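Undergrad: Just one file: upload04.pdb, with PDB, C-alpha atoms.
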```pdb
ATOM      1  CA  MET A   1     -12.921  -0.601 -28.875
ATOM      2  CA  SER A   2     -10.511  -3.435 -28.254
ATOM      3  CA  ASP A   3      -8.380  -1.349 -25.895
ATOM      4  CA  ILE A   4     -11.337  -1.263 -23.507
ATOM      5  CA  GLY A   5     -11.232  -4.049 -20.929
ATOM      6  CA  ARG A   6     -13.241  -5.174 -17.950
ATOM      7  CA  TYR A   7     -11.522  -4.454 -14.673
ATOM      8  CA  VAL A   8     -12.471  -6.804 -11.814
ATOM      9  CA  TYR A   9     -12.402  -5.449  -8.224
ATOM     10  CA  GLY A  10     -13.734  -8.444  -6.396
ATOM     11  CA  VAL A  11     -16.590 -10.856  -5.984
ATOM     12  CA  VAL A  12     -19.807 -10.774  -3.951
ATOM     13  CA  SER A  13     -22.710 -13.168  -3.564
ATOM     14  CA  ALA A  14     -25.140 -12.323  -6.342
ATOM     15  CA  PRO A  15     -27.665  -9.995  -4.677
ATOM     16  CA  SER A  16     -31.344 -10.762  -5.263
ATOM     17  CA  GLY A  17     -32.303  -7.120  -5.691
ATOM     18  CA  SER A  18     -30.411  -4.432  -7.506
ATOM     19  CA  VAL A  19     -27.409  -2.834  -5.860
ATOM     20  CA  THR A  20     -26.421   0.635  -6.923
ATOM     21  CA  PRO A  21     -23.024   1.418  -5.452
ATOM     22  CA  GLN A  22     -22.032   5.060  -5.272
ATOM     23  CA  ALA A  23     -18.675   4.832  -6.945
ATOM     24  CA  HIS A  24     -16.907   5.701 -10.129
ATOM     25  CA  GLY A  25     -14.810   3.004 -11.654
ATOM     26  CA  ILE A  26     -11.036   2.921 -11.720
ATOM     27  CA  ASP A  27     -11.427   4.676 -15.055
ATOM     28  CA  PRO A  28     -13.631   7.612 -14.006
ATOM     29  CA  ILE A  29     -15.629   7.778 -17.234
ATOM     30  CA  TYR A  30     -17.167   4.352 -16.564
ATOM     31  CA  ASP A  31     -19.525   3.335 -13.750
ATOM     32  CA  VAL A  32     -19.246   0.252 -11.633
ATOM     33  CA  GLU A  33     -21.410  -2.688 -12.651
ATOM     34  CA  LEU A  34     -22.124  -6.134 -11.253
ATOM     35  CA  LEU A  35     -21.844  -9.039 -13.680
ATOM     36  CA  LYS A  36     -23.731 -12.041 -12.283
ATOM     37  CA  ARG A  37     -23.239 -15.719 -12.949
ATOM     38  CA  GLY A  38     -24.916 -18.355 -10.786
ATOM     39  CA  PRO A  39     -24.512 -17.605  -7.080
ATOM     40  CA  LEU A  40     -21.696 -15.093  -7.647
ATOM     41  CA  ALA A  41     -21.343 -11.599  -9.032
ATOM     42  CA  ALA A  42     -18.171  -9.820 -10.098
ATOM     43  CA  ILE A  43     -17.703  -6.150  -9.218
ATOM     44  CA  THR A  44     -16.437  -4.658 -12.466
ATOM     45  CA  SER A  45     -16.194  -1.589 -14.598
ATOM     46  CA  ARG A  46     -15.036  -0.896 -18.100
ATOM     47  CA  VAL A  47     -11.566   0.554 -18.322
ATOM     48  CA  ARG A  48      -9.416   2.093 -21.020
ATOM     49  CA  VAL A  49      -6.408  -0.147 -20.608
ATOM     50  CA  ALA A  50      -3.987   2.712 -21.236
ATOM     51  CA  GLN A  51      -5.403   4.431 -18.105
ATOM     52  CA  LEU A  52      -3.846   1.683 -15.999
ATOM     53  CA  SER A  53      -0.308   2.675 -16.928
ATOM     54  CA  PRO A  54      -0.061   6.194 -15.554
ATOM     55  CA  GLU A  55       3.387   7.249 -16.818
ATOM     56  CA  SER A  56       4.755   4.567 -14.512
ATOM     57  CA  ASP A  57       4.980   6.889 -11.540
ATOM     58  CA  ASN A  58       4.231   5.982  -7.962
ATOM     59  CA  ALA A  59       1.678   8.729  -7.330
ATOM     60  CA  GLY A  60      -0.386   7.356 -10.212
ATOM     61  CA  ILE A  61      -0.297   3.847  -8.807
ATOM     62  CA  VAL A  62      -1.350   5.066  -5.343
ATOM     63  CA  ASP A  63      -4.250   6.918  -6.953
ATOM     64  CA  LEU A  64      -5.354   3.766  -8.813
ATOM     65  CA  ALA A  65      -5.046   1.719  -5.605
ATOM     66  CA  LEU A  66      -7.269   4.273  -3.828
ATOM     67  CA  ARG A  67      -9.937   3.998  -6.530
ATOM     68  CA  HIS A  68      -9.837   0.201  -6.354
ATOM     69  CA  GLU A  69     -10.326   0.488  -2.592
ATOM     70  CA  HIS A  70     -13.179   3.020  -2.845
ATOM     71  CA  VAL A  71     -15.153   0.769  -5.168
ATOM     72  CA  LEU A  72     -14.870  -2.165  -2.768
ATOM     73  CA  GLU A  73     -15.761   0.072   0.196
ATOM     74  CA  SER A  74     -18.940   1.233  -1.542
ATOM     75  CA  PHE A  75     -20.121  -2.398  -1.538
ATOM     76  CA  LEU A  76     -19.154  -2.907   2.099
ATOM     77  CA  VAL A  77     -21.112   0.213   3.019
ATOM     78  CA  ALA A  78     -24.094  -1.243   1.148
ATOM     79  CA  GLY A  79     -23.884  -4.201   3.533
ATOM     80  CA  LEU A  80     -22.412  -6.822   1.197
ATOM     81  CA  SER A  81     -19.546  -9.138   2.057
ATOM     82  CA  VAL A  82     -16.774  -8.645  -0.459
ATOM     83  CA  LEU A  83     -14.007 -10.961  -1.596
ATOM     84  CA  PRO A  84     -11.391  -8.472  -2.809
ATOM     85  CA  PHE A  85      -9.204  -9.133  -5.833
ATOM     86  CA  ARG A  86      -5.673  -7.889  -6.056
ATOM     87  CA  PHE A  87      -5.154  -4.747  -8.123
ATOM     88  CA  GLY A  88      -4.784  -5.331 -11.843
ATOM     89  CA  THR A  89      -7.167  -8.080 -12.883
ATOM     90  CA  LEU A  90      -8.435  -7.388 -16.394
ATOM     91  CA  CYS A  91     -10.765  -9.323 -18.626
ATOM     92  CA  ALA A  92     -11.198  -8.821 -22.341
ATOM     93  CA  SER A  93     -14.990  -8.996 -22.364
ATOM     94  CA  ASP A  94     -18.109  -9.416 -20.227
ATOM     95  CA  GLY A  95     -18.204 -13.035 -21.346
ATOM     96  CA  ASP A  96     -14.722 -13.628 -19.995
ATOM     97  CA  VAL A  97     -15.775 -12.249 -16.603
ATOM     98  CA  THR A  98     -18.778 -14.547 -16.287
ATOM     99  CA  GLU A  99     -16.700 -17.472 -17.537
ATOM    100  CA  LEU A 100     -14.129 -16.691 -14.855
ATOM    101  CA  LEU A 101     -16.902 -16.805 -12.228
ATOM    102  CA  GLU A 102     -18.201 -20.090 -13.607
ATOM    103  CA  ILE A 103     -14.848 -21.866 -13.826
ATOM    104  CA  ASN A 104     -13.752 -20.708 -10.372
ATOM    105  CA  GLU A 105     -17.140 -20.928  -8.668
ATOM    106  CA  ALA A 106     -16.082 -23.465  -6.032
ATOM    107  CA  PRO A 107     -12.893 -21.780  -4.745
ATOM    108  CA  LEU A 108     -14.418 -18.303  -4.969
ATOM    109  CA  SER A 109     -17.528 -19.394  -3.046
ATOM    110  CA  ARG A 110     -15.370 -21.040  -0.396
ATOM    111  CA  ALA A 111     -13.235 -17.931  -0.007
ATOM    112  CA  LEU A 112     -16.320 -15.705   0.125
ATOM    113  CA  ARG A 113     -17.871 -17.858   2.857
ATOM    114  CA  ALA A 114     -14.699 -17.514   4.929
ATOM    115  CA  VAL A 115     -14.950 -13.704   4.976
ATOM    116  CA  ARG A 116     -18.750 -13.364   5.155
ATOM    117  CA  GLY A 117     -19.781 -10.853   7.806
ATOM    118  CA  LYS A 118     -16.161 -10.000   8.574
ATOM    119  CA  LEU A 119     -13.745  -7.184   7.861
ATOM    120  CA  GLU A 120     -10.021  -6.803   8.191
ATOM    121  CA  MET A 121      -8.205  -4.691  10.775
ATOM    122  CA  GLY A 122      -4.531  -3.849  10.373
ATOM    123  CA  VAL A 123      -2.108  -3.446  13.271
ATOM    124  CA  ARG A 124       1.428  -2.141  12.893
ATOM    125  CA  ILE A 125       3.445  -3.146  15.936
ATOM    126  CA  MET A 126       6.348  -0.978  17.085
ATOM    127  CA  VAL A 127       8.865  -1.241  19.913
ATOM    128  CA  ASP A 128      10.652   1.443  21.859
ATOM    129  CA  ARG A 129      14.226   0.057  21.765
ATOM    130  CA  ASP A 130      15.428   2.244  24.635
ATOM    131  CA  GLU A 131      12.597   1.203  26.904
ATOM    132  CA  LEU A 132      13.140  -2.430  25.942
ATOM    133  CA  ARG A 133      16.846  -2.132  26.716
ATOM    134  CA  GLU A 134      16.126  -0.668  30.142
ATOM    135  CA  SER A 135      13.644  -3.381  30.842
ATOM    136  CA  VAL A 136      16.075  -6.150  29.805
ATOM    137  CA  LEU A 137      18.824  -4.658  32.004
ATOM    138  CA  GLU A 138      16.457  -4.316  34.956
ATOM    139  CA  SER A 139      15.340  -7.899  34.784
ATOM    140  CA  ASP A 140      18.809  -9.366  34.233
ATOM    141  CA  VAL A 141      20.964  -9.023  37.355
ATOM    142  CA  GLU A 142      24.065 -10.468  35.703
ATOM    143  CA  LEU A 143      23.905  -8.092  32.715
ATOM    144  CA  SER A 144      23.413  -5.008  34.853
ATOM    145  CA  ARG A 145      26.293  -6.091  37.117
ATOM    146  CA  ARG A 146      28.553  -6.381  34.058
ATOM    147  CA  GLN A 147      27.398  -2.982  32.865
ATOM    148  CA  ARG A 148      28.244  -1.320  36.187
ATOM    149  CA  GLU A 149      31.631  -3.059  36.271
ATOM    150  CA  ILE A 150      32.545  -1.933  32.750
ATOM    151  CA  ALA A 151      31.564   1.637  33.607
ATOM    152  CA  THR A 152      34.399   1.750  36.153
ATOM    153  CA  LEU A 153      37.046   0.675  33.604
ATOM    154  CA  SER A 154      39.058   3.095  31.487
ATOM    155  CA  PRO A 155      37.815   3.524  27.908
ATOM    156  CA  GLY A 156      40.732   1.479  26.542
ATOM    157  CA  ALA A 157      40.484  -1.389  28.989
ATOM    158  CA  GLY A 158      36.699  -1.520  28.804
ATOM    159  CA  HIS A 159      36.436  -1.309  25.023
ATOM    160  CA  LEU A 160      36.284  -5.004  24.158
ATOM    161  CA  ARG A 161      34.061  -5.929  27.079
ATOM    162  CA  ARG A 162      31.766  -3.046  26.293
ATOM    163  CA  LYS A 163      31.356  -4.320  22.730
ATOM    164  CA  GLN A 164      30.619  -7.820  23.997
ATOM    165  CA  LEU A 165      28.041  -6.482  26.396
ATOM    166  CA  GLU A 166      26.390  -4.422  23.654
ATOM    167  CA  ARG A 167      26.166  -7.484  21.447
ATOM    168  CA  THR A 168      24.585  -9.559  24.196
ATOM    169  CA  LEU A 169      22.182  -6.750  25.017
ATOM    170  CA  ALA A 170      21.158  -6.354  21.370
ATOM    171  CA  GLU A 171      20.397 -10.075  21.174
ATOM    172  CA  ARG A 172      18.342  -9.973  24.368
ATOM    173  CA  VAL A 173      16.444  -6.902  23.186
ATOM    174  CA  ALA A 174      15.655  -8.587  19.867
ATOM    175  CA  SER A 175      14.415 -11.781  21.481
ATOM    176  CA  GLU A 176      12.401  -9.835  24.048
ATOM    177  CA  ALA A 177      10.791  -7.854  21.201
ATOM    178  CA  THR A 178       9.935 -11.093  19.385
ATOM    179  CA  ARG A 179       8.472 -12.567  22.560
ATOM    180  CA  ARG A 180       6.318  -9.496  23.248
ATOM    181  CA  VAL A 181       5.081  -9.294  19.648
ATOM    182  CA  ALA A 182       4.106 -12.982  19.613
ATOM    183  CA  ALA A 183       2.291 -12.624  22.943
ATOM    184  CA  LEU A 184       0.432  -9.501  21.813
ATOM    185  CA  HIS A 185      -0.500 -11.128  18.497
ATOM    186  CA  ALA A 186      -1.916 -14.128  20.374
ATOM    187  CA  ASP A 187      -3.908 -11.807  22.675
ATOM    188  CA  ILE A 188      -5.384  -9.709  19.865
ATOM    189  CA  SER A 189      -6.181 -12.864  17.888
ATOM    190  CA  GLY A 190      -8.671 -13.670  20.640
ATOM    191  CA  ASN A 191     -10.913 -10.984  19.118
ATOM    192  CA  ALA A 192     -10.569 -12.295  15.555
ATOM    193  CA  ALA A 193     -11.771 -15.175  13.414
ATOM    194  CA  ALA A 194      -8.390 -15.422  11.700
ATOM    195  CA  ALA A 195      -5.041 -13.675  11.980
ATOM    196  CA  ARG A 196      -1.796 -13.142  10.092
ATOM    197  CA  LEU A 197       1.555 -11.829  11.264
ATOM    198  CA  GLU A 198       4.364 -10.667   8.995
ATOM    199  CA  GLY A 199       7.740  -9.134   9.641
ATOM    200  CA  GLY A 200       7.678  -5.363   9.507
ATOM    201  CA  GLY A 201       9.597  -2.757   7.601
ATOM    202  CA  ASP A 202      10.023   0.982   8.000
ATOM    203  CA  ASP A 203       8.723   1.918  11.426
ATOM    204  CA  ALA A 204       7.203  -1.409  12.473
ATOM    205  CA  VAL A 205       8.781  -4.597  13.818
ATOM    206  CA  ALA A 206       5.750  -6.575  12.727
ATOM    207  CA  VAL A 207       2.602  -6.040  10.713
ATOM    208  CA  ALA A 208      -0.484  -7.977  11.661
ATOM    209  CA  ALA A 209      -3.882  -8.421  10.041
ATOM    210  CA  TYR A 210      -7.022  -9.673  11.765
ATOM    211  CA  LEU A 211     -10.270 -10.922  10.278
ATOM    212  CA  VAL A 212     -12.888  -9.513  12.625
ATOM    213  CA  PRO A 213     -16.655 -10.136  12.748
ATOM    214  CA  ILE A 214     -18.438  -6.864  11.903
ATOM    215  CA  GLU A 215     -20.170  -6.698  15.294
ATOM    216  CA  ARG A 216     -16.751  -6.690  16.998
ATOM    217  CA  ILE A 217     -15.115  -4.053  14.796
ATOM    218  CA  ASP A 218     -16.124  -1.131  17.026
ATOM    219  CA  GLY A 219     -14.300  -2.254  20.139
ATOM    220  CA  PHE A 220     -11.370  -3.809  18.313
ATOM    221  CA  ALA A 221      -8.983  -0.848  18.225
ATOM    222  CA  ALA A 222      -9.577   0.142  21.862
ATOM    223  CA  ASP A 223      -9.040  -3.452  22.998
ATOM    224  CA  ALA A 224      -5.885  -3.777  20.919
ATOM    225  CA  HIS A 225      -4.455  -0.590  22.453
ATOM    226  CA  VAL A 226      -5.105  -1.870  25.975
ATOM    227  CA  LEU A 227      -3.422  -5.195  25.166
ATOM    228  CA  ALA A 228      -0.468  -3.413  23.538
ATOM    229  CA  ALA A 229       0.048  -1.192  26.576
ATOM    230  CA  GLU A 230       0.070  -4.283  28.801
ATOM    231  CA  ALA A 231       2.626  -5.905  26.500
ATOM    232  CA  GLY A 232       4.864  -2.823  26.499
ATOM    233  CA  LEU A 233       4.439  -2.231  22.777
ATOM    234  CA  ARG A 234       3.112   0.600  20.642
ATOM    235  CA  ILE A 235       0.660  -0.009  17.834
ATOM    236  CA  ARG A 236      -1.136   1.784  15.041
ATOM    237  CA  VAL A 237      -4.488   0.354  14.105
ATOM    238  CA  THR A 238      -5.955   0.843  10.623
ATOM    239  CA  GLY A 239      -9.199  -0.284   9.111
ATOM    240  CA  PRO A 240     -11.714  -1.636   8.746
ATOM    241  CA  TRP A 241     -10.522  -2.856   5.351
ATOM    242  CA  PRO A 242     -12.026  -5.224   2.844
ATOM    243  CA  PRO A 243     -10.520  -8.605   3.844
ATOM    244  CA  TYR A 244      -7.569  -8.451   1.411
ATOM    245  CA  SER A 245      -5.212 -10.438   3.624
ATOM    246  CA  PHE A 246      -7.731 -13.260   3.973
ATOM    247  CA  ALA A 247      -8.639 -13.537   0.303
ATOM    248  CA  SER A 248      -5.671 -15.642  -0.678
ATOM    249  CA  VAL A 249      -7.504 -18.317  -2.621
ATOM    250  CA  GLU A 250      -5.487 -19.567  -5.549
ATOM    251  CA  ALA A 251      -8.202 -19.676  -8.163
ATOM    252  CA  HIS A 252      -6.666 -21.090 -11.289
ATOM    253  CA  GLU A 253      -8.212 -20.797 -14.682
ATOM    254  CA  GLU A 254      -8.593 -24.176 -16.324
ATOM    255  CA  GLN A 255      -7.375 -24.433 -19.863
TER     256      GLN A 255
ATOM    257  CA  MET B   1       0.947  21.594  15.657
ATOM    258  CA  LYS B   2       1.584  18.221  17.132
ATOM    259  CA  SER B   3      -1.933  17.066  16.377
ATOM    260  CA  SER B   4      -1.716  17.999  12.689
ATOM    261  CA  ASP B   5       1.624  16.161  12.431
ATOM    262  CA  ASP B   6      -0.138  13.269  14.041
ATOM    263  CA  ILE B   7      -2.869  13.324  11.429
ATOM    264  CA  ASP B   8      -0.311  13.500   8.605
ATOM    265  CA  LEU B   9       1.479  10.473  10.030
ATOM    266  CA  ARG B  10      -1.783   8.626  10.447
ATOM    267  CA  GLN B  11      -2.710   9.273   6.822
ATOM    268  CA  GLU B  12       0.764   8.228   5.723
ATOM    269  CA  VAL B  13       0.498   4.968   7.657
ATOM    270  CA  THR B  14      -2.965   4.338   6.242
ATOM    271  CA  LEU B  15      -1.684   4.901   2.718
ATOM    272  CA  VAL B  16       1.169   2.443   3.264
ATOM    273  CA  GLU B  17      -1.300  -0.105   4.596
ATOM    274  CA  LEU B  18      -3.637   0.565   1.666
ATOM    275  CA  VAL B  19      -0.964   0.094  -0.996
ATOM    276  CA  ASP B  20       0.375  -3.049   0.700
ATOM    277  CA  ARG B  21      -3.100  -4.530   0.612
ATOM    278  CA  VAL B  22      -4.418  -3.463  -2.783
ATOM    279  CA  LEU B  23      -1.201  -4.249  -4.642
ATOM    280  CA  GLY B  24      -0.010  -7.186  -2.567
ATOM    281  CA  LYS B  25      -3.028  -9.100  -1.257
ATOM    282  CA  GLY B  26      -6.398 -10.237  -2.466
ATOM    283  CA  VAL B  27      -7.434 -12.941  -4.861
ATOM    284  CA  THR B  28      -4.942 -13.441  -7.668
ATOM    285  CA  LEU B  29      -5.848 -15.165 -10.889
ATOM    286  CA  THR B  30      -3.539 -16.877 -13.300
ATOM    287  CA  GLY B  31      -3.976 -14.881 -16.462
ATOM    288  CA  ASP B  32      -2.697 -15.129 -19.990
ATOM    289  CA  VAL B  33       0.014 -12.597 -19.465
ATOM    290  CA  THR B  34       1.409 -10.438 -16.764
ATOM    291  CA  LEU B  35       2.738  -7.003 -17.585
ATOM    292  CA  SER B  36       4.568  -4.879 -15.094
ATOM    293  CA  VAL B  37       3.621  -1.247 -14.850
ATOM    294  CA  ALA B  38       5.656   0.701 -12.312
ATOM    295  CA  ASP B  39       6.554  -2.582 -10.590
ATOM    296  CA  VAL B  40       2.899  -3.536 -10.391
ATOM    297  CA  ASP B  41       1.595  -6.563 -12.241
ATOM    298  CA  LEU B  42      -1.450  -6.377 -14.432
ATOM    299  CA  VAL B  43      -3.016  -9.750 -15.088
ATOM    300  CA  TYR B  44      -4.867 -10.103 -18.364
ATOM    301  CA  VAL B  45      -7.510 -12.778 -18.536
ATOM    302  CA  GLY B  46      -8.502 -13.305 -22.158
ATOM    303  CA  LEU B  47      -6.277 -13.341 -25.209
ATOM    304  CA  ARG B  48      -8.057 -10.779 -27.363
ATOM    305  CA  LEU B  49      -7.244  -7.990 -24.972
ATOM    306  CA  LEU B  50      -3.633  -9.084 -24.796
ATOM    307  CA  LEU B  51      -3.144  -8.895 -28.551
ATOM    308  CA  THR B  52      -4.413  -5.348 -28.788
ATOM    309  CA  SER B  53      -3.420  -3.840 -25.472
ATOM    310  CA  VAL B  54       0.274  -4.648 -25.696
ATOM    311  CA  GLY B  55       0.387  -2.611 -28.869
ATOM    312  CA  SER B  56      -1.486   0.277 -27.356
ATOM    313  CA  LEU B  57       0.786   0.308 -24.303
ATOM    314  CA  GLU B  58       3.841   0.416 -26.534
ATOM    315  CA  GLU B  59       2.355   3.236 -28.549
ATOM    316  CA  ALA B  60       1.681   5.142 -25.359
ATOM    317  CA  GLN B  61       5.372   5.058 -24.512
ATOM    318  CA  VAL B  62       6.572   6.477 -27.840
TER     319      VAL B  62
END
```
What does this structure look like when you write it as structure tokens?
TA:
Amino acid sequence: MSDIGRYVYGVVSAPSGSVTPQAHGIDPIYDVELLKRGPLAAITSRVRVAQLSPESDNAGIVDLALRHEHVLESFLVAGLSVLPFRFGTLCASDGDVTELLEINEAPLSRALRAVRGKLEMGVRIMVDRDELRESVLESDVELSRRQREIATLSPGAGHLRRKQLERTLAERVASEATRRVAALHADISGNAAAARLEGGGDDAVAVAAYLVPIERIDGFAADAHVLAAEAGLRIRVTGPWPPYSFASVEAHEEQ
Amino acid sequence: MKSSDDIDLRQEVTLVELVDRVLGKGVTLTGDVTLSVADVDLVYVGLRLLLTSVGSLEEAQV
């Protein structure tokens, strides 16, 4: 049975009573179990290690990520504060799990305290480039004068100046987007205990995460949308999530 | 029609956010070995598992 491991989803404070989460493990033939050690308990399940390498395709990985998430959510729903682990933490035996809790008790407890009673909300921030461009032109008399002037020139004569103007405009639009995103992030952070902002990809110019006290989760999205509208930005709010983005403790195993 | 497109997009965005979080954030431990599976790292804590599981992963690929 040596190709069976212990998968670790995250850590909770060891509950005094018994907790029976309604979730299958990442390997569906095994149930989720808490392994306790001192003040902490690891959320775990047995796993056939080969199940974690699903023909190396992306759909398989997304499916595994979803199962990891569902297990953590089942503990959140049960009212426990969860310190989520990144996907893919495996231990060889139950003893290794409890040893891991023991060796890393201090940093894990600290990280757990930081997220107690809080969940994460995600905000993807998007800009409408055309609207931003209009707004920059409207507020900049000199730029709009240049634009009108160039419009009267023949295509040949205006070509170089038009390119210069476009370059200047693109720079202004980019810096205006950065300014609006920073201002919105600061505003939304007022509703959070902690906040992170990263550069975006795909559709978003920035991706933010907020650690929000549970009692403020309900109004969070509505508030964020109001603030975004005021800032002239569009957002998509996701969550609540387990506080993945705020569980960045570097817990090193001692040799 | 628009509303169902909207829901699809919402689910798509949520999935992107989910994968970013589960695979990219959360507590990371320094394990004995890190294997990449579909660009995702598995961290093995404990040597006994390493010795057997590497073999079984290789077998699985044959």
Undergrad: Where's the centre, and what are the edge lengths in Å to one decimal, of a box along x, y and z enclosing all listed atoms of range 69-74 of chain A padded 4 Å per side, as lines of an AutoDock Vina configuration file?
TA:
```
center_x = -14.6
center_y = 0.4
center_z = -2.5
size_x = 16.6
size_y = 13.2
size_z = 13.4
```
Undergrad: Determine the residue set returned by the PyMOL selection byres ((chain A and resi 165-171) around 8) for the present structure, and present it as a ChimeraX atom specification.
TA: /A:133,136,143,146-147,161-164,172-175
Undergrad: Can you turn the PyMOL selection byres ((chain A and resi 233) around 7) into a concrete residue list for this file, as a PyMOL selection string?
TA: chain A and resi 125-127+228-229+231-232+234-235
Undergrad: Write to file, as a PDB file, in the frame of the given file, the residues of the selection just made, with C-alpha atoms.
TA:
```pdb
ATOM      1  CA  ILE A 125       3.445  -3.146  15.936  1.00  0.00           C
ATOM      2  CA  MET A 126       6.348  -0.978  17.085  1.00  0.00           C
ATOM      3  CA  VAL A 127       8.865  -1.241  19.913  1.00  0.00           C
ATOM      4  CA  ALA A 228      -0.468  -3.413  23.538  1.00  0.00           C
ATOM      5  CA  ALA A 229       0.048  -1.192  26.576  1.00  0.00           C
ATOM      6  CA  ALA A 231       2.626  -5.905  26.500  1.00  0.00           C
ATOM      7  CA  GLY A 232       4.864  -2.823  26.499  1.00  0.00           C
ATOM      8  CA  ARG A 234       3.112   0.600  20.642  1.00  0.00           C
ATOM      9  CA  ILE A 235       0.660  -0.009  17.834  1.00  0.00           C
TER      10      ILE A 235
END
```
Undergrad: What does the PyMOL selection byres ((chain B and resi 26) around 10) select in this file, as a list in words?
TA: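 When the PyMOL selection byres ((chain B and resi 26) around 10) is applied to the shown file, the picked residues are Tyr9, Gly10, Leu83, Pro84, Phe85, Arg86, Phe87, Pro242, Pro243, Tyr244, Ser245, Phe246, Ala247, Ser248, Val249 and Glu250 of chain A; Arg21, Val22, Leu23, Gly24, Lys25, Val27, Thr28 and Leu29 of chain B.
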Undergrad: Those residues with C-alpha atoms, as a PDB file, in the coordinates of the input please?
TA:
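What follows is the written file selection07.pdb:
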```
ATOM      1  CA  TYR A   9     -12.402  -5.449  -8.224  1.00  0.00           C
ATOM      2  CA  GLY A  10     -13.734  -8.444  -6.396  1.00  0.00           C
ATOM      3  CA  LEU A  83     -14.007 -10.961  -1.596  1.00  0.00           C
ATOM      4  CA  PRO A  84     -11.391  -8.472  -2.809  1.00  0.00           C
ATOM      5  CA  PHE A  85      -9.204  -9.133  -5.833  1.00  0.00           C
ATOM      6  CA  ARG A  86      -5.673  -7.889  -6.056  1.00  0.00           C
ATOM      7  CA  PHE A  87      -5.154  -4.747  -8.123  1.00  0.00           C
ATOM      8  CA  PRO A 242     -12.026  -5.224   2.844  1.00  0.00           C
ATOM      9  CA  PRO A 243     -10.520  -8.605   3.844  1.00  0.00           C
ATOM     10  CA  TYR A 244      -7.569  -8.451   1.411  1.00  0.00           C
ATOM     11  CA  SER A 245      -5.212 -10.438   3.624  1.00  0.00           C
ATOM     12  CA  PHE A 246      -7.731 -13.260   3.973  1.00  0.00           C
ATOM     13  CA  ALA A 247      -8.639 -13.537   0.303  1.00  0.00           C
ATOM     14  CA  SER A 248      -5.671 -15.642  -0.678  1.00  0.00           C
ATOM     15  CA  VAL A 249      -7.504 -18.317  -2.621  1.00  0.00           C
ATOM     16  CA  GLU A 250      -5.487 -19.567  -5.549  1.00  0.00           C
TER      17      GLU A 250
ATOM     18  CA  ARG B  21      -3.100  -4.530   0.612  1.00  0.00           C
ATOM     19  CA  VAL B  22      -4.418  -3.463  -2.783  1.00  0.00           C
ATOM     20  CA  LEU B  23      -1.201  -4.249  -4.642  1.00  0.00           C
ATOM     21  CA  GLY B  24      -0.010  -7.186  -2.567  1.00  0.00           C
ATOM     22  CA  LYS B  25      -3.028  -9.100  -1.257  1.00  0.00           C
ATOM     23  CA  VAL B  27      -7.434 -12.941  -4.861  1.00  0.00           C
ATOM     24  CA  THR B  28      -4.942 -13.441  -7.668  1.00  0.00           C
ATOM     25  CA  LEU B  29      -5.848 -15.165 -10.889  1.00  0.00           C
TER      26      LEU B  29
END
```
Undergrad: So, with only C-alpha atoms as the atoms that count, which of A:Ile61, A:Ile103, A:Val47, A:Leu34 lies closest to chain B?
TA: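 Selected residue with least distance to chain B: A:Ile61.
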Undergrad: Scan for residues within 6 Å of the point (-15.2, -2.3, -16.0) in the coordinates of the file, using all atoms listed in the file, and reply as a list in words.
TA: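 The distance filter leaves exactly Arg6, Tyr7, Thr44, Ser45, Arg46 and Val47 of chain A.
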Undergrad: Rounded to one decimal in Å, what is the spacing between CA of Val97 in chain A and CA of Gly38 in chain A?
TA: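 Distance between the two atoms: 12.4 Å.
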Undergrad: How many Å separate CA of Arg124 in chain A from CA of Val11 in chain A?
TA: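 Going from CA of Arg124 in chain A over to CA of Val11 in chain A covers 27.5 Å.
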Undergrad: Kindly give the distance, in Å, that separates CA of Gly201 in chain A and CA of Arg179 in chain A, rounded to a single decimal.
TA: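 Rounded to one decimal, the two atoms are 17.9 Å apart.
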Undergrad: Could range 79-87 of chain A be completed with N, CA and C atoms and returned as a PDB file, in the frame of the given file?
TA:
```
ATOM      1  N   GLY A  79     -23.566  -3.040   2.704  1.00  0.00           N
ATOM      2  CA  GLY A  79     -23.884  -4.201   3.533  1.00  0.00           C
ATOM      3  C   GLY A  79     -23.542  -5.548   2.911  1.00  0.00           C
ATOM      4  N   LEU A  80     -22.795  -5.545   1.823  1.00  0.00           N
ATOM      5  CA  LEU A  80     -22.412  -6.822   1.197  1.00  0.00           C
ATOM      6  C   LEU A  80     -21.035  -7.280   1.682  1.00  0.00           C
ATOM      7  N   SER A  81     -20.872  -8.594   1.775  1.00  0.00           N
ATOM      8  CA  SER A  81     -19.546  -9.138   2.057  1.00  0.00           C
ATOM      9  C   SER A  81     -18.781  -9.254   0.747  1.00  0.00           C
ATOM     10  N   VAL A  82     -17.556  -8.746   0.775  1.00  0.00           N
ATOM     11  CA  VAL A  82     -16.774  -8.645  -0.459  1.00  0.00           C
ATOM     12  C   VAL A  82     -15.531  -9.523  -0.372  1.00  0.00           C
ATOM     13  N   LEU A  83     -15.279 -10.253  -1.456  1.00  0.00           N
ATOM     14  CA  LEU A  83     -14.007 -10.961  -1.596  1.00  0.00           C
ATOM     15  C   LEU A  83     -13.136 -10.121  -2.525  1.00  0.00           C
ATOM     16  N   PRO A  84     -12.147  -9.410  -1.976  1.00  0.00           N
ATOM     17  CA  PRO A  84     -11.391  -8.472  -2.809  1.00  0.00           C
ATOM     18  C   PRO A  84     -10.376  -9.184  -3.711  1.00  0.00           C
ATOM     19  N   PHE A  85     -10.266  -8.688  -4.931  1.00  0.00           N
ATOM     20  CA  PHE A  85      -9.204  -9.133  -5.833  1.00  0.00           C
ATOM     21  C   PHE A  85      -8.019  -8.198  -5.685  1.00  0.00           C
ATOM     22  N   ARG A  86      -6.856  -8.726  -6.015  1.00  0.00           N
ATOM     23  CA  ARG A  86      -5.673  -7.889  -6.056  1.00  0.00           C
ATOM     24  C   ARG A  86      -5.800  -6.889  -7.205  1.00  0.00           C
ATOM     25  N   PHE A  87      -5.164  -5.746  -7.055  1.00  0.00           N
ATOM     26  CA  PHE A  87      -5.154  -4.747  -8.123  1.00  0.00           C
ATOM     27  C   PHE A  87      -4.666  -5.366  -9.429  1.00  0.00           C
TER      28      PHE A  87
END
```
